[in-house]
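Undergrad: Here you go, this is start-v6.csv (CSV, C-alpha atoms).
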chain,number,residue,atom,x,y,z
A,1,MET,CA,-35.2,-5.9,20.4
A,2,GLN,CA,-32.0,-7.4,19.3
A,3,VAL,CA,-28.3,-6.5,19.1
A,4,ASN,CA,-25.6,-7.9,16.8
A,5,VAL,CA,-22.4,-8.9,18.6
A,6,ILE,CA,-19.0,-9.3,16.8
A,7,PHE,CA,-16.0,-11.0,18.3
A,8,PHE,CA,-12.3,-10.2,17.6
A,9,GLY,CA,-8.9,-11.8,18.1
A,10,VAL,CA,-8.8,-14.8,20.4
A,11,LEU,CA,-12.4,-14.3,21.4
A,12,SER,CA,-13.7,-15.3,18.0
A,13,ASP,CA,-12.0,-18.7,18.6
A,14,VAL,CA,-13.4,-18.9,22.1
A,15,VAL,CA,-17.0,-18.5,21.0
A,16,GLY,CA,-16.3,-20.4,17.7
A,17,LYS,CA,-17.8,-17.6,15.5
A,18,ASN,CA,-17.3,-14.0,14.4
A,19,MET,CA,-20.8,-12.8,14.9
A,20,LEU,CA,-24.1,-13.6,16.6
A,21,THR,CA,-27.4,-12.0,17.5
A,22,ILE,CA,-28.7,-11.6,21.1
A,23,GLN,CA,-32.3,-11.0,21.8
A,24,ASP,CA,-34.0,-9.1,24.7
A,25,THR,CA,-31.1,-7.2,26.2
A,26,ASP,CA,-31.0,-3.5,27.0
A,27,ASN,CA,-27.7,-2.8,28.7
A,28,MET,CA,-24.1,-4.0,28.6
A,29,ALA,CA,-24.0,-5.7,32.0
A,30,ASP,CA,-27.0,-7.9,30.9
A,31,LEU,CA,-25.5,-8.6,27.5
A,32,LYS,CA,-22.2,-9.6,29.1
A,33,SER,CA,-23.9,-12.0,31.5
A,34,LYS,CA,-26.0,-13.5,28.7
A,35,LEU,CA,-22.8,-14.0,26.6
A,36,ILE,CA,-21.0,-15.7,29.6
A,37,ILE,CA,-23.9,-18.0,30.2
A,38,SER,CA,-23.8,-19.1,26.5
A,39,TYR,CA,-20.0,-19.1,26.3
A,40,PRO,CA,-18.6,-19.8,29.9
A,41,ASP,CA,-15.0,-19.8,28.6
A,42,LEU,CA,-15.3,-16.1,28.1
A,43,LYS,CA,-14.9,-15.7,31.9
A,44,ASP,CA,-11.2,-16.6,31.5
A,45,TYR,CA,-10.5,-13.7,29.2
A,46,THR,CA,-10.1,-10.0,29.6
A,47,PHE,CA,-12.2,-8.1,27.1
A,48,ARG,CA,-13.5,-4.6,26.4
A,49,MET,CA,-16.7,-3.7,24.5
A,50,ALA,CA,-17.6,-1.1,22.0
A,51,VAL,CA,-21.1,-0.1,20.8
A,52,ASN,CA,-21.2,1.3,17.3
A,53,GLN,CA,-17.4,1.8,17.5
A,54,GLN,CA,-17.4,3.7,20.7
A,55,MET,CA,-15.9,2.1,23.9
A,56,VAL,CA,-18.5,1.8,26.6
A,57,GLU,CA,-18.9,0.7,30.2
A,58,ASP,CA,-21.2,-1.9,31.8
A,59,ASN,CA,-24.0,0.7,32.5
A,60,HIS,CA,-24.3,1.7,28.8
A,61,LEU,CA,-27.9,1.2,27.4
A,62,LEU,CA,-28.4,-0.8,24.3
A,63,PHE,CA,-30.9,-0.1,21.5
A,64,ASP,CA,-32.4,-2.2,18.7
A,65,ASN,CA,-29.8,-3.2,16.1
A,66,ASP,CA,-26.8,-1.8,18.0
A,67,LEU,CA,-23.5,-3.3,16.9
A,68,VAL,CA,-21.5,-4.5,19.9
A,69,ALA,CA,-17.8,-5.4,19.5
A,70,VAL,CA,-16.2,-7.8,22.0
A,71,MET,CA,-12.5,-7.2,21.9
A,72,PRO,CA,-9.4,-8.6,23.7
A,73,PRO,CA,-6.7,-6.2,24.8
A,74,PHE,CA,-5.2,-4.4,21.7
A,75,ALA,CA,-1.9,-5.8,20.4
A,76,GLY,CA,-1.0,-3.7,17.3
A,77,GLY,CA,2.4,-2.8,16.1
B,78,MET,CA,-16.7,9.8,9.5
B,79,ASN,CA,-13.1,9.8,8.3
B,80,ALA,CA,-12.8,7.2,5.6
B,81,LYS,CA,-9.0,7.2,5.4
B,82,ASN,CA,-7.5,3.7,5.3
B,83,TYR,CA,-4.2,3.1,7.2
B,84,PHE,CA,-4.0,-0.6,6.5
B,85,ILE,CA,-1.7,-2.3,4.0
B,86,GLN,CA,-2.4,-5.9,3.0
B,87,GLY,CA,0.6,-8.1,4.1
B,88,ALA,CA,4.1,-6.8,4.8
B,89,ILE,CA,5.2,-3.2,4.2
B,90,ASP,CA,7.7,-3.2,1.3
B,91,PRO,CA,11.0,-1.4,2.2
B,92,VAL,CA,10.9,0.0,-1.4
B,93,PHE,CA,7.6,1.7,-0.5
B,94,ILE,CA,9.3,3.3,2.5
B,95,GLY,CA,12.1,4.6,0.4
B,96,GLU,CA,9.6,6.1,-2.1
B,97,GLN,CA,7.8,7.8,0.7
B,98,ILE,CA,11.0,9.4,2.0
B,99,ALA,CA,11.9,10.5,-1.6
B,100,LYS,CA,8.5,12.2,-2.0
B,101,HIS,CA,9.3,14.5,0.9
B,102,SER,CA,12.3,16.1,-0.9
B,103,ALA,CA,9.8,18.6,-2.4
B,104,LYS,CA,8.7,19.8,1.1
B,105,HIS,CA,11.3,22.4,1.8
B,106,ALA,CA,10.0,23.5,5.3
B,107,ILE,CA,10.9,20.1,6.7
B,108,GLY,CA,14.3,19.8,8.4
B,109,ALA,CA,13.8,16.5,10.3
B,110,HIS,CA,12.1,13.2,9.8
B,111,SER,CA,11.6,10.5,12.4
B,112,ILE,CA,10.8,7.0,11.1
B,113,PHE,CA,9.6,4.0,13.2
B,114,LEU,CA,9.5,0.5,11.7
B,115,GLY,CA,7.9,-2.5,13.4
B,116,GLN,CA,9.4,-5.8,12.4
B,117,VAL,CA,8.1,-9.3,13.1
B,118,ARG,CA,10.5,-11.2,15.5
B,119,ALA,CA,11.2,-14.9,15.5
B,120,ASP,CA,10.1,-15.2,19.2
B,121,GLU,CA,10.3,-18.7,20.7
B,122,ASN,CA,7.2,-20.2,22.4
B,123,VAL,CA,7.2,-23.7,23.9
B,124,GLY,CA,10.2,-24.6,21.9
B,125,LYS,CA,8.9,-23.4,18.5
B,126,HIS,CA,9.8,-20.2,16.6
B,127,VAL,CA,7.4,-17.7,15.1
B,128,ALA,CA,7.3,-17.9,11.3
B,129,GLY,CA,4.9,-15.0,10.9
B,130,ILE,CA,2.2,-13.0,12.4
B,131,GLU,CA,-1.4,-12.8,11.2
B,132,TYR,CA,-2.7,-9.3,11.9
B,133,SER,CA,-6.5,-8.7,12.2
B,134,ALA,CA,-8.3,-5.6,13.2
B,135,TYR,CA,-11.7,-4.0,13.7
B,136,GLU,CA,-10.8,-1.9,10.7
B,137,ASP,CA,-13.5,0.8,10.8
B,138,MET,CA,-12.9,1.5,14.4
B,139,ALA,CA,-9.1,1.2,13.9
B,140,ASN,CA,-9.0,3.7,11.1
B,141,GLN,CA,-10.9,6.2,13.3
B,142,ALA,CA,-8.4,5.5,16.1
B,143,PHE,CA,-5.5,6.1,13.8
B,144,SER,CA,-7.1,9.4,12.6
B,145,LYS,CA,-7.5,10.5,16.2
B,146,ILE,CA,-3.9,9.7,17.0
B,147,ARG,CA,-2.9,11.9,14.0
B,148,GLU,CA,-5.1,14.7,15.1
B,149,GLU,CA,-3.8,14.7,18.6
B,150,ALA,CA,-0.2,14.6,17.4
B,151,PHE,CA,-0.8,17.6,15.2
B,152,GLU,CA,-2.4,19.5,18.1
B,153,GLN,CA,0.4,18.7,20.5
B,154,TRP,CA,3.5,18.9,18.3
B,155,SER,CA,4.5,21.2,15.6
B,156,LEU,CA,4.6,18.6,12.8
B,157,LYS,CA,4.7,19.2,9.1
B,158,CYS,CA,3.7,15.6,8.1
B,159,LEU,CA,2.6,12.4,9.7
B,160,HIS,CA,2.0,9.2,7.9
B,161,ILE,CA,1.0,5.8,9.4
B,162,TYR,CA,0.8,2.4,7.7
B,163,HIS,CA,-0.1,-0.8,9.5
B,164,SER,CA,-0.2,-4.3,8.1
B,165,THR,CA,-3.3,-6.6,8.0
B,166,GLY,CA,-3.1,-10.3,7.2
B,167,LEU,CA,0.1,-12.3,7.2
B,168,VAL,CA,3.5,-10.8,7.8
B,169,LYS,CA,6.5,-13.2,7.9
B,170,THR,CA,9.3,-13.1,10.3
B,171,GLY,CA,11.8,-10.3,9.4
B,172,GLU,CA,9.2,-8.4,7.4
B,173,LEU,CA,7.8,-5.0,8.4
B,174,SER,CA,4.3,-4.5,9.9
B,175,LEU,CA,4.3,-0.9,11.0
B,176,PHE,CA,5.6,2.2,9.3
B,177,VAL,CA,5.3,5.6,11.0
B,178,PHE,CA,6.8,8.6,9.4
B,179,CYS,CA,6.7,12.1,11.0
B,180,SER,CA,8.4,15.3,9.9
B,181,SER,CA,9.0,18.7,11.5
B,182,VAL,CA,11.1,21.8,11.1
B,183,HIS,CA,13.6,20.8,13.8
B,184,ARG,CA,14.5,17.4,15.3
B,185,ASN,CA,13.0,17.8,18.8
B,186,GLU,CA,9.4,17.8,17.7
B,187,SER,CA,9.5,14.8,15.4
B,188,ILE,CA,11.6,12.7,17.9
B,189,LYS,CA,9.3,13.4,20.8
B,190,ALA,CA,6.1,13.0,18.8
B,191,MET,CA,7.2,9.6,17.5
B,192,GLU,CA,7.3,7.9,20.9
B,193,GLN,CA,3.9,9.1,21.8
B,194,ILE,CA,2.4,8.2,18.4
B,195,VAL,CA,3.8,4.6,18.5
B,196,GLU,CA,2.6,4.2,22.1
B,197,GLY,CA,-0.8,5.4,21.0
B,198,ILE,CA,-0.9,2.8,18.2
B,199,LYS,CA,0.0,0.0,20.6
B,200,HIS,CA,-2.7,0.9,23.2
B,201,LYS,CA,-5.6,2.7,21.4
B,202,VAL,CA,-6.0,0.8,18.1
B,203,PRO,CA,-8.1,-2.4,17.9
B,204,ILE,CA,-5.6,-4.7,16.2
B,205,TRP,CA,-4.7,-8.2,17.2
B,206,LYS,CA,-1.8,-10.6,16.5
B,207,LYS,CA,-1.9,-14.3,15.9
B,208,GLU,CA,1.6,-15.9,15.8
B,209,ILE,CA,2.0,-18.6,13.2
B,210,MET,CA,4.6,-21.0,14.4
B,211,GLU,CA,7.1,-23.0,12.2
B,212,ASP,CA,4.9,-26.1,12.5
B,213,GLU,CA,1.8,-24.1,11.5
B,214,SER,CA,0.3,-24.2,15.0
B,215,VAL,CA,-1.0,-20.8,16.1
B,216,HIS,CA,-0.8,-18.7,19.3
B,217,TRP,CA,-2.8,-15.5,20.0
B,218,VAL,CA,-0.6,-12.7,21.4
B,219,GLN,CA,-2.0,-11.5,24.7
B,220,GLU,CA,-0.5,-8.2,25.7
Could you take the file, read its structure, and then write that structure out as structure tokens?

TA:
Amino acid sequence: MQVNVIFFGVLSDVVGKNMLTIQDTDNMADLKSKLIISYPDLKDYTFRMAVNQQMVEDNHLLFDNDLVAVMPPFAGG
Amino acid sequence: MNAKNYFIQGAIDPVFIGEQIAKHSAKHAIGAHSIFLGQVRADENVGKHVAGIEYSAYEDMANQAFSKIREEAFEQWSLKCLHIYHSTGLVKTGELSLFVFCSSVHRNESIKAMEQIVEGIKHKVPIWKKEIMEDESVHWVQE
């Protein structure tokens, strides 16, 4: 299975792209560690994650073709 | 899913704000309006001034968050109207990036509601700011 990951704000600059696909991951904690292995600079940033537009915690389970958003702290206004 | 769009491309035109105020003259139950306007500051950062801010958002999720803020405000306060507009894209220093307009029968409701609505927009809506400096270098705002 695979999930699509989209990056926002400063994090799209940190990973150098807006979107990528990660294979063989079934929960947020695993996805997070895979992302940090591929993009170690992410460790230096605070971020929150949403799956299919809902904020989730690390124990959230992932399913095929989920859309995961990786977002820095919000800064609107 | 609520498909309402709260975003305006670029700066919010003060003429548009005037037009929105004028439109409410037909709503005779309203006795008080509160208006909040967010404006881009010329902050200084490592000796350079901000020339503008580039706003970006996770727009689908942000529109849902704006709708939720509206729903919660209507549940909590006795409001007659609530309109929210937020910029996306480039807004130059001195221009407006946020326009919140709420109306009620008496002043207390709209004044109290406004603070909570603006705080909600700051903390619950996935929007990000990139400062564009005078020399065209950029700096992400980390709040």

Undergrad: Find the residues near Ala50 of chain A: any atom within 9 Å, counting only C-alpha atoms, skip ones fewer than 2 places away on the same chain, and give them as a list in words.

TA: Arg48, Asn52, Gln53, Gln54, Met55, Val56, Glu57, Leu67, Val68, Ala69, Val70 and Met71 of chain A

Undergrad: Using all atoms listed in the file, which of the listed residues (B:Leu167, B:Cys179, B:Ile130, B:Leu173) sits closest to Val218 of chain B?

TA: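 Answer, going by the shortest atom-to-atom distance: B:Ile130.
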
Undergrad: Define the interface residues of chain A facing chain B as those within 7 Å, counting all atoms listed in the file, and report them as a list in words.

TA: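 Only these qualify: Gly9, Val10, Gln53, Pro73, Phe74, Ala75, Gly76 and Gly77 of chain A.
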
Undergrad: In Å, rounded to a single decimal, give me how far atom CA of Glu152 of chain B is from atom CA of Lys100 of chain B.

TA: 24.0 Å

Undergrad: Do a neighbour search on segment 15-29 of chain A at 7 Å with all atoms listed in the file, toss out local chain neighbours closer than 6 positions, and write the hits as a list of chain:residue names.

TA: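 The filter keeps A:Met1, A:Gln2, A:Val3, A:Asn4, A:Val5, A:Ile6, A:Phe7, A:Tyr39, A:Asp58, A:Asn59, A:His60, A:Leu61, A:Leu62, A:Phe63.
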
Undergrad: Closest to Met49 of chain A among A:Asp64, A:Ser33, A:Val14, A:Pro72, using all atoms listed in the file?

TA: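 For Met49 of chain A, the nearest of the given residues is A:Pro72.
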
Undergrad: Taking into account all atoms listed in the file, which residue in the set B:Thr170, B:Asn140, B:Gln86, B:Ser155 is nearest to Ala109 of chain B?

TA: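 Among the listed residues, B:Ser155 lies closest to Ala109 of chain B.
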
Undergrad: At what distance in Å, to one decimal, does atom CA of Thr46 of chain A lie from atom CA of Ile85 of chain B?

TA: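 Pair atom CA of Ile85 of chain B / atom CA of Thr46 of chain A returns 28.0 Å.
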
Undergrad: Of the candidates B:Ile188, B:Ile107, B:Ala119, B:Met210, which shows the shortest atom-to-atom distance to Trp154 of chain B, using only C-alpha atoms?

TA: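 Closest residue, counting only C-alpha atoms: B:Ile188.
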
Undergrad: Interatomic distance between atom CA of Ile94 of chain B and atom CA of Glu149 of chain B?

TA: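 Atom CA of Glu149 of chain B lies 23.7 Å from atom CA of Ile94 of chain B.
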
Undergrad: Show me, as a VMD selection string, the residues that have an atom within 10 Å of Gly108 of chain B when counting all atoms listed in the file, minus same-chain residues fewer than 2 positions from it.

TA: chain B and resid 104 to 106 110 157 180 to 184 187

Undergrad: Please put the answer as lines of an AutoDock Vina configuration file: centre and edge lengths, in Å with one decimal, of a box along x, y and z that encloses all listed atoms of segment 69-72 of chain A plus 6 Å on each side.

TA:
center_x = -13.6
center_y = -7.0
center_z = 21.6
size_x = 20.4
size_y = 15.2
size_z = 16.2

Undergrad: Which of these residues is nearest to Asp212 of chain B, using all atoms listed in the file: B:Ser102, B:Gln97, B:Asn122, B:Ser144?

TA: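 Checking each of B:Ser102, B:Gln97, B:Asn122, B:Ser144 against Asp212 of chain B, counting all atoms listed in the file, the winner is B:Asn122.
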
Undergrad: Taking the partial coordinates given, rebuild segment 124-135 of chain B to contain all heavy atoms; return it as a tab-separated table (two decimals), keeping the file's coordinate frame.

TA:
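File written: selection_33.tsv
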chain	number	residue	atom	x	y	z
B	124	GLY	N	9.27	-23.93	22.70
B	124	GLY	CA	10.20	-24.60	21.90
B	124	GLY	C	10.08	-24.45	20.37
B	124	GLY	O	10.81	-25.05	19.58
B	125	LYS	N	9.12	-23.60	19.97
B	125	LYS	CA	8.90	-23.40	18.50
B	125	LYS	C	9.13	-21.90	18.21
B	125	LYS	O	8.82	-21.05	19.03
B	125	LYS	CB	7.51	-23.79	18.13
B	125	LYS	CG	7.26	-25.28	18.27
B	125	LYS	CD	5.84	-25.64	17.93
B	125	LYS	CE	4.88	-25.30	19.04
B	125	LYS	NZ	3.57	-25.96	18.89
B	126	HIS	N	9.62	-21.62	17.01
B	126	HIS	CA	9.80	-20.20	16.60
B	126	HIS	C	8.65	-19.70	15.80
B	126	HIS	O	7.97	-20.45	15.10
B	126	HIS	CB	11.11	-20.09	15.80
B	126	HIS	CG	12.35	-20.16	16.64
B	126	HIS	ND1	13.09	-21.29	16.77
B	126	HIS	CD2	12.94	-19.23	17.43
B	126	HIS	CE1	14.11	-21.08	17.59
B	126	HIS	NE2	14.03	-19.83	18.02
B	127	VAL	N	8.46	-18.39	15.92
B	127	VAL	CA	7.40	-17.70	15.10
B	127	VAL	C	7.87	-17.61	13.68
B	127	VAL	O	8.96	-17.11	13.41
B	127	VAL	CB	7.13	-16.32	15.73
B	127	VAL	CG1	6.21	-15.52	14.82
B	127	VAL	CG2	6.55	-16.44	17.13
B	128	ALA	N	7.01	-18.07	12.77
B	128	ALA	CA	7.30	-17.90	11.30
B	128	ALA	C	6.67	-16.70	10.74
B	128	ALA	O	7.10	-16.20	9.71
B	128	ALA	CB	6.83	-19.19	10.59
B	129	GLY	N	5.62	-16.21	11.40
B	129	GLY	CA	4.90	-15.00	10.90
B	129	GLY	C	3.84	-14.61	11.86
B	129	GLY	O	3.53	-15.34	12.81
B	130	ILE	N	3.28	-13.44	11.63
B	130	ILE	CA	2.20	-13.00	12.40
B	130	ILE	C	1.01	-12.63	11.51
B	130	ILE	O	1.19	-11.96	10.48
B	130	ILE	CB	2.54	-11.74	13.29
B	130	ILE	CG1	3.49	-12.17	14.41
B	130	ILE	CG2	1.30	-11.06	13.87
B	130	ILE	CD1	3.94	-11.03	15.32
B	131	GLU	N	-0.17	-13.13	11.88
B	131	GLU	CA	-1.40	-12.80	11.20
B	131	GLU	C	-2.06	-11.64	11.92
B	131	GLU	O	-2.48	-11.83	13.06
B	131	GLU	CB	-2.30	-14.03	11.11
B	131	GLU	CG	-3.63	-13.83	10.45
B	131	GLU	CD	-3.61	-14.19	8.97
B	131	GLU	OE1	-2.86	-15.11	8.59
B	131	GLU	OE2	-4.34	-13.52	8.22
B	132	TYR	N	-2.12	-10.48	11.30
B	132	TYR	CA	-2.70	-9.30	11.90
B	132	TYR	C	-4.22	-9.24	11.54
B	132	TYR	O	-4.57	-9.43	10.37
B	132	TYR	CB	-2.06	-8.02	11.47
B	132	TYR	CG	-0.68	-7.83	12.06
B	132	TYR	CD1	0.44	-8.35	11.42
B	132	TYR	CD2	-0.50	-7.15	13.24
B	132	TYR	CE1	1.71	-8.18	11.96
B	132	TYR	CE2	0.77	-6.98	13.80
B	132	TYR	CZ	1.86	-7.50	13.15
B	132	TYR	OH	3.11	-7.33	13.69
B	133	SER	N	-5.06	-8.97	12.54
B	133	SER	CA	-6.50	-8.70	12.20
B	133	SER	C	-6.88	-7.45	13.01
B	133	SER	O	-6.24	-7.07	13.98
B	133	SER	CB	-7.34	-9.91	12.64
B	133	SER	OG	-7.19	-10.20	14.01
B	134	ALA	N	-7.94	-6.83	12.54
B	134	ALA	CA	-8.30	-5.60	13.20
B	134	ALA	C	-9.84	-5.36	13.01
B	134	ALA	O	-10.49	-5.96	12.14
B	134	ALA	CB	-7.62	-4.40	12.47
B	135	TYR	N	-10.38	-4.53	13.87
B	135	TYR	CA	-11.70	-4.00	13.70
B	135	TYR	C	-11.49	-2.74	12.84
B	135	TYR	O	-11.28	-1.66	13.37
B	135	TYR	CB	-12.34	-3.67	15.04
B	135	TYR	CG	-13.78	-3.22	15.04
B	135	TYR	CD1	-14.55	-3.12	13.88
B	135	TYR	CD2	-14.40	-2.90	16.24
B	135	TYR	CE1	-15.88	-2.72	13.92
B	135	TYR	CE2	-15.74	-2.51	16.29
B	135	TYR	CZ	-16.45	-2.41	15.12
B	135	TYR	OH	-17.76	-2.01	15.18
